[in-house]
file entry14.txt (compact mmCIF, C-alpha atoms)
# COMPACT_ATOMS: atom_id res chain seq x y z
CA GLY W 522 0.00 0.00 0.00
CA TRP W 523 2.75 2.47 0.88
CA LEU W 524 4.50 1.89 -2.43
CA GLN W 525 1.21 2.77 -4.13
CA VAL W 526 1.04 5.97 -2.07
CA ALA W 527 4.63 6.91 -3.00
CA ARG W 528 4.06 6.17 -6.69
CA GLY W 529 0.83 8.20 -6.64
CA GLY W 530 2.50 11.13 -4.90
CA ALA W 531 5.31 11.20 -7.44
CA TRP W 532 2.80 11.12 -10.28
CA HIS W 533 0.84 13.99 -8.70
CA VAL W 534 3.99 16.11 -8.54
CA GLN W 535 4.71 15.31 -12.20
CA CYS W 536 1.17 16.32 -13.26
CA VAL W 537 1.38 19.60 -11.36
CA HIS W 538 4.91 20.26 -12.67
CA THR W 539 3.79 19.72 -16.27
CA ASN W 540 0.72 21.90 -15.85
CA LEU W 541 2.72 24.71 -14.24
CA GLY W 542 5.25 24.53 -17.07
CA GLY W 543 2.44 25.14 -19.54
CA LEU W 544 1.50 28.24 -17.56
CA GLY W 545 5.06 29.60 -17.63
CA CYS W 546 5.99 28.59 -14.05
CA ALA W 547 7.92 25.80 -12.44
CA TYR W 548 7.17 23.57 -9.50
CA GLY W 549 8.75 25.30 -6.52
CA ASP W 550 8.39 28.86 -7.84
CA VAL W 551 5.69 29.50 -5.28
CA ARG W 552 6.52 28.96 -1.66
CA ALA W 553 4.56 26.13 -0.07
CA HIS W 554 4.31 24.91 3.48
CA SER W 555 6.26 21.86 4.57
CA GLY W 556 3.87 20.80 7.33
CA LEU W 557 3.48 17.24 6.11
CA TRP W 558 7.22 16.65 6.09
CA GLU W 559 7.69 18.40 9.43
CA MET W 560 5.01 16.23 11.05
CA ALA W 561 6.55 13.07 9.58
CA GLU W 562 9.85 14.13 11.18
CA LYS W 563 8.23 14.89 14.55
CA ALA W 564 6.51 11.50 14.62
CA ARG W 565 9.43 9.50 13.25
CA GLY W 566 9.82 7.50 16.46
CA ASP W 567 6.24 6.19 16.61
CA VAL W 568 4.55 4.66 13.59
CA MET W 569 1.12 5.01 15.21
CA ALA W 570 1.64 8.75 15.74
CA ARG W 571 2.83 9.07 12.16
CA MET W 572 -0.28 7.27 10.85
CA ALA W 573 -2.53 9.45 13.03
CA LEU W 574 -0.95 12.73 12.10
CA VAL W 575 0.33 12.50 8.53
CA PRO W 576 -2.39 10.73 6.53
CA ARG W 577 -5.29 11.30 8.96
CA THR W 578 -4.53 14.96 9.66
CA LEU W 579 -2.42 16.62 7.00
CA GLU W 580 -3.30 14.53 3.96
CA ALA W 581 -6.95 14.50 5.05
CA ARG W 582 -6.81 18.29 5.15
CA GLY W 583 -6.00 18.07 1.46
CA LEU W 584 -9.28 16.22 0.98
CA ASP W 585 -11.04 19.15 2.60
CA ALA W 586 -9.20 21.82 0.60
CA SER W 587 -9.48 20.17 -2.82
CA PRO W 588 -12.95 21.46 -3.84
CA ALA W 589 -12.03 25.09 -3.11
CA VAL W 590 -8.65 24.80 -4.83
CA ARG W 591 -10.27 23.15 -7.85
CA ASN W 592 -12.90 25.86 -8.11
CA LYS W 593 -10.30 28.61 -7.76
CA LEU W 594 -8.16 27.16 -10.54
CA ILE W 595 -11.13 26.83 -12.88
CA SER W 596 -12.27 30.38 -12.04
CA VAL W 597 -8.94 31.76 -13.29
CA GLY W 598 -9.06 29.68 -16.45
CA ASP W 599 -6.86 26.75 -15.42
CA ARG W 600 -9.23 23.95 -16.37
CA ARG W 601 -6.38 21.41 -16.56
CA GLY W 602 -5.31 22.38 -13.04
CA GLY W 603 -8.85 21.71 -11.87
CA GLU W 604 -8.79 18.30 -13.55
CA ILE W 605 -5.48 17.51 -11.85
CA ILE W 606 -6.95 18.43 -8.46
CA ASP W 607 -9.83 16.03 -9.15
CA ILE W 608 -7.32 13.25 -9.90
CA ILE W 609 -5.29 14.05 -6.80
CA LEU W 610 -8.43 14.07 -4.64
CA ARG W 611 -9.47 10.67 -5.97
CA ASP W 612 -6.03 9.21 -5.28
CA GLU W 613 -5.60 10.91 -1.90
CA ILE W 614 -8.82 9.31 -0.67
CA GLY W 615 -7.07 5.97 -1.17
CA HIS W 616 -3.89 7.21 0.50
CA VAL W 617 -5.77 8.45 3.57
CA LEU W 618 -7.74 5.19 3.64
CA ILE W 619 -4.47 3.24 3.91
CA GLY W 620 -3.37 5.50 6.78
CA ASN W 621 -6.72 5.02 8.52
CA ARG W 622 -6.46 1.24 8.22
CA TRP W 623 -2.95 1.14 9.64
CA TYR W 624 -3.79 3.60 12.41
CA ARG W 625 -6.77 1.51 13.53
CA HIS W 626 -4.73 -1.69 13.28
CA LEU W 627 -2.02 -0.21 15.50
CA CYS W 628 -4.57 1.08 18.02
CA GLN W 629 -6.19 -2.33 18.18
CA ALA W 630 -2.82 -4.07 18.58
CA ARG W 631 -1.98 -1.72 21.48
CA GLY W 632 -5.45 -1.93 23.03
CA LEU W 633 -6.13 1.78 22.52
CA ASP W 634 -9.29 3.69 21.61
CA PRO W 635 -8.64 5.34 18.21
CA ILE W 636 -10.59 8.52 18.93
CA SER W 637 -9.12 9.42 22.33
CA THR W 638 -5.67 8.27 21.20
CA TYR W 639 -5.86 10.55 18.15
CA ALA W 640 -6.67 13.55 20.36
CA ALA W 641 -3.78 12.71 22.70
CA LEU W 642 -1.32 12.28 19.81
CA ALA W 643 -2.45 15.51 18.14
CA ALA W 644 -1.80 17.39 21.38
CA GLN W 645 1.50 15.62 22.10
CA TYR W 646 2.95 16.30 18.65
CA GLY W 647 1.44 19.76 18.13
CA ALA W 648 -0.69 18.81 15.14
CA PRO W 649 -2.39 21.73 13.42
CA ARG W 650 -5.91 22.45 14.60
CA LEU W 651 -8.43 21.19 12.07
CA LYS W 652 -10.58 23.88 10.47
CA GLY W 653 -13.57 23.54 8.18
CA PRO W 654 -15.08 23.29 5.82
CA PHE W 655 -14.69 19.53 5.84
CA ASN W 656 -15.17 17.36 2.78
CA LEU W 657 -17.26 14.81 4.65
CA ALA W 658 -17.96 12.68 1.59
CA ALA W 659 -14.24 12.33 0.85
CA ARG W 660 -13.46 11.68 4.52
CA ARG W 661 -16.12 8.94 4.63
CA ALA W 662 -14.67 7.37 1.48
CA ALA W 663 -11.23 7.55 3.14
CA GLY W 664 -12.44 5.51 6.10
CA PHE W 665 -13.26 8.09 8.74
CA GLU W 666 -16.01 6.87 11.05
CA GLU W 667 -19.19 8.81 11.70
CA GLN W 668 -18.20 9.48 15.33
CA GLU W 669 -14.98 11.15 14.15
CA LEU W 670 -16.86 13.25 11.60
CA SER W 671 -19.38 14.32 14.24
CA LEU W 672 -16.54 15.45 16.48
CA LEU W 673 -15.09 17.51 13.62
CA GLU W 674 -18.44 19.16 12.98
CA GLN W 675 -18.95 19.84 16.72
CA ALA W 676 -15.52 21.48 16.96
CA LEU W 677 -16.36 23.60 13.93
CA THR W 678 -19.68 24.83 15.35
CA ALA W 679 -18.10 25.45 18.76
CA ASP W 680 -15.66 27.87 17.07
CA LEU W 681 -18.42 29.92 15.45

call {"tool": "encode", "arguments": {"input": "entry14.txt", "output": "structure tokens"}}
result
Amino acid sequence: GWLQVARGGAWHVQCVHTNLGGLGCAYGDVRAHSGLWEMAEKARGDVMARMALVPRTLEARGLDASPAVRNKLISVGDRRGGEIIDIILRDEIGHVLIGNRWYRHLCQARGLDPISTYAALAAQYGAPRLKGPFNLAARRAAGFEEQELSLLEQALTADL
């Protein structure tokens, strides 16, 4: 599964690189955050923390952001960019699903509750606070359980 994720990620970068080249830019011209890599480094000593915080937090945030990014690209005339975002979203659902499966497997093997353990790991490793809007359909497809989605929605309404 993880080889599939790596292969997919490399292909996504190639698609974006090619599209940017057609627009007169290069991949890396625009500064981007390195939060995913930084979290992978922070959690390098605990595979369960890495599964909780990289695919289930940072990559899942990409599921949430994809519709808005897609719409923005199309609104400025980058139809191909919008199509690429659709492809990335489809693939990322599978990547997050793999992370969810492994996270739950590790919680079960350690006798831990996935929901309370996630909250503890997020606090321990300083994971970014999740903000809406949430792409609930994509999160469901990626294996998030209804209780987790309800907690996200409750946190969102509590902030309003």

call {"tool": "closest_residue", "arguments": {"input": "entry14.txt", "among": "W:Ala581, W:Ile636, W:Met569, W:Ile606", "to": "Val537 (chain W)", "atoms": "only C-alpha atoms"}}
result
W:Ile606

call {"tool": "atom_distance", "arguments": {"input": "entry14.txt", "atom1": "CA of Leu673 (chain W)", "atom2": "CA of Ile595 (chain W)"}}
result
28.4 Å

call {"tool": "residues_near_point", "arguments": {"input": "entry14.txt", "point": "(-5.1, 16.7, 4.5)", "cutoff": "12 Å", "atoms": "only C-alpha atoms", "output": "ChimeraX atom specification"}}
result
/W:556-557,573-587,609-610,613-614,616-618,620,648-653,655-656,659-660,663

call {"tool": "write_last_selection", "arguments": {"input": "entry14.txt", "atoms": "C-alpha atoms", "output": "short mmCIF file (atom, residue, chain, number, x, y, z; two decimals), in the frame of the given file"}}
result
data_model
loop_
_atom_site.label_atom_id
_atom_site.label_comp_id
_atom_site.auth_asym_id
_atom_site.auth_seq_id
_atom_site.Cartn_x
_atom_site.Cartn_y
_atom_site.Cartn_z
CA GLY W 556 3.87 20.80 7.33
CA LEU W 557 3.48 17.24 6.11
CA ALA W 573 -2.53 9.45 13.03
CA LEU W 574 -0.95 12.73 12.10
CA VAL W 575 0.33 12.50 8.53
CA PRO W 576 -2.39 10.73 6.53
CA ARG W 577 -5.29 11.30 8.96
CA THR W 578 -4.53 14.96 9.66
CA LEU W 579 -2.42 16.62 7.00
CA GLU W 580 -3.30 14.53 3.96
CA ALA W 581 -6.95 14.50 5.05
CA ARG W 582 -6.81 18.29 5.15
CA GLY W 583 -6.00 18.07 1.46
CA LEU W 584 -9.28 16.22 0.98
CA ASP W 585 -11.04 19.15 2.60
CA ALA W 586 -9.20 21.82 0.60
CA SER W 587 -9.48 20.17 -2.82
CA ILE W 609 -5.29 14.05 -6.80
CA LEU W 610 -8.43 14.07 -4.64
CA GLU W 613 -5.60 10.91 -1.90
CA ILE W 614 -8.82 9.31 -0.67
CA HIS W 616 -3.89 7.21 0.50
CA VAL W 617 -5.77 8.45 3.57
CA LEU W 618 -7.74 5.19 3.64
CA GLY W 620 -3.37 5.50 6.78
CA ALA W 648 -0.69 18.81 15.14
CA PRO W 649 -2.39 21.73 13.42
CA ARG W 650 -5.91 22.45 14.60
CA LEU W 651 -8.43 21.19 12.07
CA LYS W 652 -10.58 23.88 10.47
CA GLY W 653 -13.57 23.54 8.18
CA PHE W 655 -14.69 19.53 5.84
CA ASN W 656 -15.17 17.36 2.78
CA ALA W 659 -14.24 12.33 0.85
CA ARG W 660 -13.46 11.68 4.52
CA ALA W 663 -11.23 7.55 3.14
#

call {"tool": "atom_distance", "arguments": {"input": "entry14.txt", "atom1": "CA of Leu642 (chain W)", "atom2": "CA of Arg552 (chain W)"}}
result
28.3 Å

call {"tool": "atom_distance", "arguments": {"input": "entry14.txt", "atom1": "CA of Trp558 (chain W)", "atom2": "CA of Gln668 (chain W)"}}
result
28.0 Å

call {"tool": "closest_residue", "arguments": {"input": "entry14.txt", "among": "W:Asp599, W:Met572, W:Asp607, W:Gly542", "to": "Ile619 (chain W)", "atoms": "only C-alpha atoms"}}
result
W:Met572

call {"tool": "closest_residue", "arguments": {"input": "entry14.txt", "among": "W:Asn540, W:Asp612, W:Leu627, W:Arg661", "to": "Arg528 (chain W)", "atoms": "all atoms listed in the file"}}
result
W:Asp612

call {"tool": "residues_around", "arguments": {"input": "entry14.txt", "residues": "Tyr646 (chain W)", "least_positions_apart": "6", "cutoff": "12 Å", "atoms": "all atoms listed in the file", "output": "ChimeraX atom specification"}}
result
/W:559-567,569-571,573-575,578,639-640

call {"tool": "residues_around", "arguments": {"input": "entry14.txt", "residues": "region 601-605 of chain W", "least_positions_apart": "3", "cutoff": "12 Å", "atoms": "all atoms listed in the file", "output": "PDB file with C-alpha atoms, keeping the file's coordinate frame"}}
result
ATOM      1  CA  TRP W 532       2.800  11.120 -10.280  1.00  0.00           C
ATOM      2  CA  HIS W 533       0.840  13.990  -8.700  1.00  0.00           C
ATOM      3  CA  VAL W 534       3.990  16.110  -8.540  1.00  0.00           C
ATOM      4  CA  GLN W 535       4.710  15.310 -12.200  1.00  0.00           C
ATOM      5  CA  CYS W 536       1.170  16.320 -13.260  1.00  0.00           C
ATOM      6  CA  VAL W 537       1.380  19.600 -11.360  1.00  0.00           C
ATOM      7  CA  HIS W 538       4.910  20.260 -12.670  1.00  0.00           C
ATOM      8  CA  THR W 539       3.790  19.720 -16.270  1.00  0.00           C
ATOM      9  CA  ASN W 540       0.720  21.900 -15.850  1.00  0.00           C
ATOM     10  CA  LEU W 541       2.720  24.710 -14.240  1.00  0.00           C
ATOM     11  CA  GLY W 542       5.250  24.530 -17.070  1.00  0.00           C
ATOM     12  CA  GLY W 543       2.440  25.140 -19.540  1.00  0.00           C
ATOM     13  CA  LEU W 544       1.500  28.240 -17.560  1.00  0.00           C
ATOM     14  CA  SER W 587      -9.480  20.170  -2.820  1.00  0.00           C
ATOM     15  CA  PRO W 588     -12.950  21.460  -3.840  1.00  0.00           C
ATOM     16  CA  ALA W 589     -12.030  25.090  -3.110  1.00  0.00           C
ATOM     17  CA  VAL W 590      -8.650  24.800  -4.830  1.00  0.00           C
ATOM     18  CA  ARG W 591     -10.270  23.150  -7.850  1.00  0.00           C
ATOM     19  CA  ASN W 592     -12.900  25.860  -8.110  1.00  0.00           C
ATOM     20  CA  LYS W 593     -10.300  28.610  -7.760  1.00  0.00           C
ATOM     21  CA  LEU W 594      -8.160  27.160 -10.540  1.00  0.00           C
ATOM     22  CA  ILE W 595     -11.130  26.830 -12.880  1.00  0.00           C
ATOM     23  CA  SER W 596     -12.270  30.380 -12.040  1.00  0.00           C
ATOM     24  CA  VAL W 597      -8.940  31.760 -13.290  1.00  0.00           C
ATOM     25  CA  GLY W 598      -9.060  29.680 -16.450  1.00  0.00           C
ATOM     26  CA  ILE W 608      -7.320  13.250  -9.900  1.00  0.00           C
ATOM     27  CA  ILE W 609      -5.290  14.050  -6.800  1.00  0.00           C
ATOM     28  CA  LEU W 610      -8.430  14.070  -4.640  1.00  0.00           C
ATOM     29  CA  ARG W 611      -9.470  10.670  -5.970  1.00  0.00           C
ATOM     30  CA  ASP W 612      -6.030   9.210  -5.280  1.00  0.00           C
ATOM     31  CA  GLU W 613      -5.600  10.910  -1.900  1.00  0.00           C
TER      32      GLU W 613
END

call {"tool": "axis_aligned_box", "arguments": {"input": "entry14.txt", "around": "region 627-641 of chain W", "padding_each_side": "3 Å", "output": "AutoDock Vina command-line options"}}
result
--center_x -6.3 --center_y 4.7 --center_z 19.3 --size_x 14.6 --size_y 23.6 --size_z 13.5

call {"tool": "build_atoms", "arguments": {"input": "entry14.txt", "residues": "region 574-585 of chain W", "atoms": "all heavy atoms", "output": "PDB file, keeping the file's coordinate frame"}}
result
ATOM      1  N   LEU W 574      -1.161  11.318  12.346  1.00  0.00           N
ATOM      2  CA  LEU W 574      -0.950  12.730  12.100  1.00  0.00           C
ATOM      3  C   LEU W 574      -0.551  13.093  10.669  1.00  0.00           C
ATOM      4  O   LEU W 574      -0.763  14.234  10.251  1.00  0.00           O
ATOM      5  CB  LEU W 574       0.079  13.273  13.091  1.00  0.00           C
ATOM      6  CG  LEU W 574      -0.346  13.050  14.549  1.00  0.00           C
ATOM      7  CD1 LEU W 574       0.765  13.445  15.499  1.00  0.00           C
ATOM      8  CD2 LEU W 574      -1.640  13.762  14.862  1.00  0.00           C
ATOM      9  N   VAL W 575      -0.009  12.162   9.915  1.00  0.00           N
ATOM     10  CA  VAL W 575       0.330  12.500   8.530  1.00  0.00           C
ATOM     11  C   VAL W 575      -0.863  12.193   7.621  1.00  0.00           C
ATOM     12  O   VAL W 575      -1.481  13.124   7.098  1.00  0.00           O
ATOM     13  CB  VAL W 575       1.648  11.842   8.076  1.00  0.00           C
ATOM     14  CG1 VAL W 575       1.918  12.121   6.608  1.00  0.00           C
ATOM     15  CG2 VAL W 575       2.808  12.366   8.930  1.00  0.00           C
ATOM     16  N   PRO W 576      -1.251  10.938   7.425  1.00  0.00           N
ATOM     17  CA  PRO W 576      -2.390  10.730   6.530  1.00  0.00           C
ATOM     18  C   PRO W 576      -3.719  11.230   7.092  1.00  0.00           C
ATOM     19  O   PRO W 576      -4.506  11.846   6.382  1.00  0.00           O
ATOM     20  CB  PRO W 576      -2.443   9.205   6.315  1.00  0.00           C
ATOM     21  CG  PRO W 576      -1.378   8.611   7.117  1.00  0.00           C
ATOM     22  CD  PRO W 576      -0.635   9.684   7.821  1.00  0.00           C
ATOM     23  N   ARG W 577      -3.971  10.990   8.382  1.00  0.00           N
ATOM     24  CA  ARG W 577      -5.290  11.300   8.960  1.00  0.00           C
ATOM     25  C   ARG W 577      -5.477  12.781   9.285  1.00  0.00           C
ATOM     26  O   ARG W 577      -6.597  13.218   9.485  1.00  0.00           O
ATOM     27  CB  ARG W 577      -5.498  10.476  10.227  1.00  0.00           C
ATOM     28  CG  ARG W 577      -5.696   9.002   9.968  1.00  0.00           C
ATOM     29  CD  ARG W 577      -5.814   8.196  11.241  1.00  0.00           C
ATOM     30  NE  ARG W 577      -6.604   8.818  12.272  1.00  0.00           N
ATOM     31  CZ  ARG W 577      -7.927   8.713  12.379  1.00  0.00           C
ATOM     32  NH1 ARG W 577      -8.611   8.005  11.512  1.00  0.00           N
ATOM     33  NH2 ARG W 577      -8.562   9.314  13.367  1.00  0.00           N
ATOM     34  N   THR W 578      -4.406  13.529   9.352  1.00  0.00           N
ATOM     35  CA  THR W 578      -4.530  14.960   9.660  1.00  0.00           C
ATOM     36  C   THR W 578      -4.154  15.791   8.442  1.00  0.00           C
ATOM     37  O   THR W 578      -4.985  16.484   7.870  1.00  0.00           O
ATOM     38  CB  THR W 578      -3.641  15.336  10.856  1.00  0.00           C
ATOM     39  OG1 THR W 578      -4.030  14.548  11.985  1.00  0.00           O
ATOM     40  CG2 THR W 578      -3.779  16.816  11.209  1.00  0.00           C
ATOM     41  N   LEU W 579      -2.898  15.716   8.047  1.00  0.00           N
ATOM     42  CA  LEU W 579      -2.420  16.620   7.000  1.00  0.00           C
ATOM     43  C   LEU W 579      -2.897  16.209   5.605  1.00  0.00           C
ATOM     44  O   LEU W 579      -3.361  17.058   4.846  1.00  0.00           O
ATOM     45  CB  LEU W 579      -0.904  16.713   7.079  1.00  0.00           C
ATOM     46  CG  LEU W 579      -0.455  17.381   8.390  1.00  0.00           C
ATOM     47  CD1 LEU W 579       1.008  17.119   8.668  1.00  0.00           C
ATOM     48  CD2 LEU W 579      -0.745  18.859   8.353  1.00  0.00           C
ATOM     49  N   GLU W 580      -2.795  14.942   5.267  1.00  0.00           N
ATOM     50  CA  GLU W 580      -3.300  14.530   3.960  1.00  0.00           C
ATOM     51  C   GLU W 580      -4.825  14.650   3.910  1.00  0.00           C
ATOM     52  O   GLU W 580      -5.385  15.027   2.877  1.00  0.00           O
ATOM     53  CB  GLU W 580      -2.855  13.120   3.617  1.00  0.00           C
ATOM     54  CG  GLU W 580      -1.377  13.055   3.279  1.00  0.00           C
ATOM     55  CD  GLU W 580      -0.943  11.696   2.811  1.00  0.00           C
ATOM     56  OE1 GLU W 580      -0.887  10.767   3.633  1.00  0.00           O
ATOM     57  OE2 GLU W 580      -0.670  11.573   1.604  1.00  0.00           O
ATOM     58  N   ALA W 581      -5.494  14.348   5.013  1.00  0.00           N
ATOM     59  CA  ALA W 581      -6.950  14.500   5.050  1.00  0.00           C
ATOM     60  C   ALA W 581      -7.348  15.961   4.895  1.00  0.00           C
ATOM     61  O   ALA W 581      -8.398  16.267   4.327  1.00  0.00           O
ATOM     62  CB  ALA W 581      -7.524  13.921   6.340  1.00  0.00           C
ATOM     63  N   ARG W 582      -6.530  16.877   5.354  1.00  0.00           N
ATOM     64  CA  ARG W 582      -6.810  18.290   5.150  1.00  0.00           C
ATOM     65  C   ARG W 582      -6.816  18.621   3.656  1.00  0.00           C
ATOM     66  O   ARG W 582      -7.569  19.468   3.189  1.00  0.00           O
ATOM     67  CB  ARG W 582      -5.789  19.157   5.897  1.00  0.00           C
ATOM     68  CG  ARG W 582      -6.073  20.623   5.802  1.00  0.00           C
ATOM     69  CD  ARG W 582      -7.399  20.985   6.487  1.00  0.00           C
ATOM     70  NE  ARG W 582      -7.781  22.318   6.080  1.00  0.00           N
ATOM     71  CZ  ARG W 582      -8.994  22.668   5.654  1.00  0.00           C
ATOM     72  NH1 ARG W 582      -9.962  21.796   5.601  1.00  0.00           N
ATOM     73  NH2 ARG W 582      -9.242  23.900   5.293  1.00  0.00           N
ATOM     74  N   GLY W 583      -5.977  17.917   2.904  1.00  0.00           N
ATOM     75  CA  GLY W 583      -6.000  18.070   1.460  1.00  0.00           C
ATOM     76  C   GLY W 583      -7.324  17.641   0.847  1.00  0.00           C
ATOM     77  O   GLY W 583      -7.790  18.230  -0.126  1.00  0.00           O
ATOM     78  N   LEU W 584      -7.953  16.622   1.443  1.00  0.00           N
ATOM     79  CA  LEU W 584      -9.280  16.220   0.980  1.00  0.00           C
ATOM     80  C   LEU W 584     -10.262  17.371   1.154  1.00  0.00           C
ATOM     81  O   LEU W 584     -11.101  17.624   0.292  1.00  0.00           O
ATOM     82  CB  LEU W 584      -9.797  15.003   1.776  1.00  0.00           C
ATOM     83  CG  LEU W 584      -8.954  13.728   1.791  1.00  0.00           C
ATOM     84  CD1 LEU W 584      -9.632  12.662   2.651  1.00  0.00           C
ATOM     85  CD2 LEU W 584      -8.673  13.217   0.392  1.00  0.00           C
ATOM     86  N   ASP W 585     -10.136  18.042   2.291  1.00  0.00           N
ATOM     87  CA  ASP W 585     -11.040  19.150   2.600  1.00  0.00           C
ATOM     88  C   ASP W 585     -10.805  20.345   1.672  1.00  0.00           C
ATOM     89  O   ASP W 585     -11.743  21.020   1.252  1.00  0.00           O
ATOM     90  CB  ASP W 585     -10.855  19.613   4.045  1.00  0.00           C
ATOM     91  CG  ASP W 585     -11.129  18.523   5.058  1.00  0.00           C
ATOM     92  OD1 ASP W 585     -11.959  17.628   4.775  1.00  0.00           O
ATOM     93  OD2 ASP W 585     -10.515  18.569   6.146  1.00  0.00           O
TER      94      ASP W 585
END
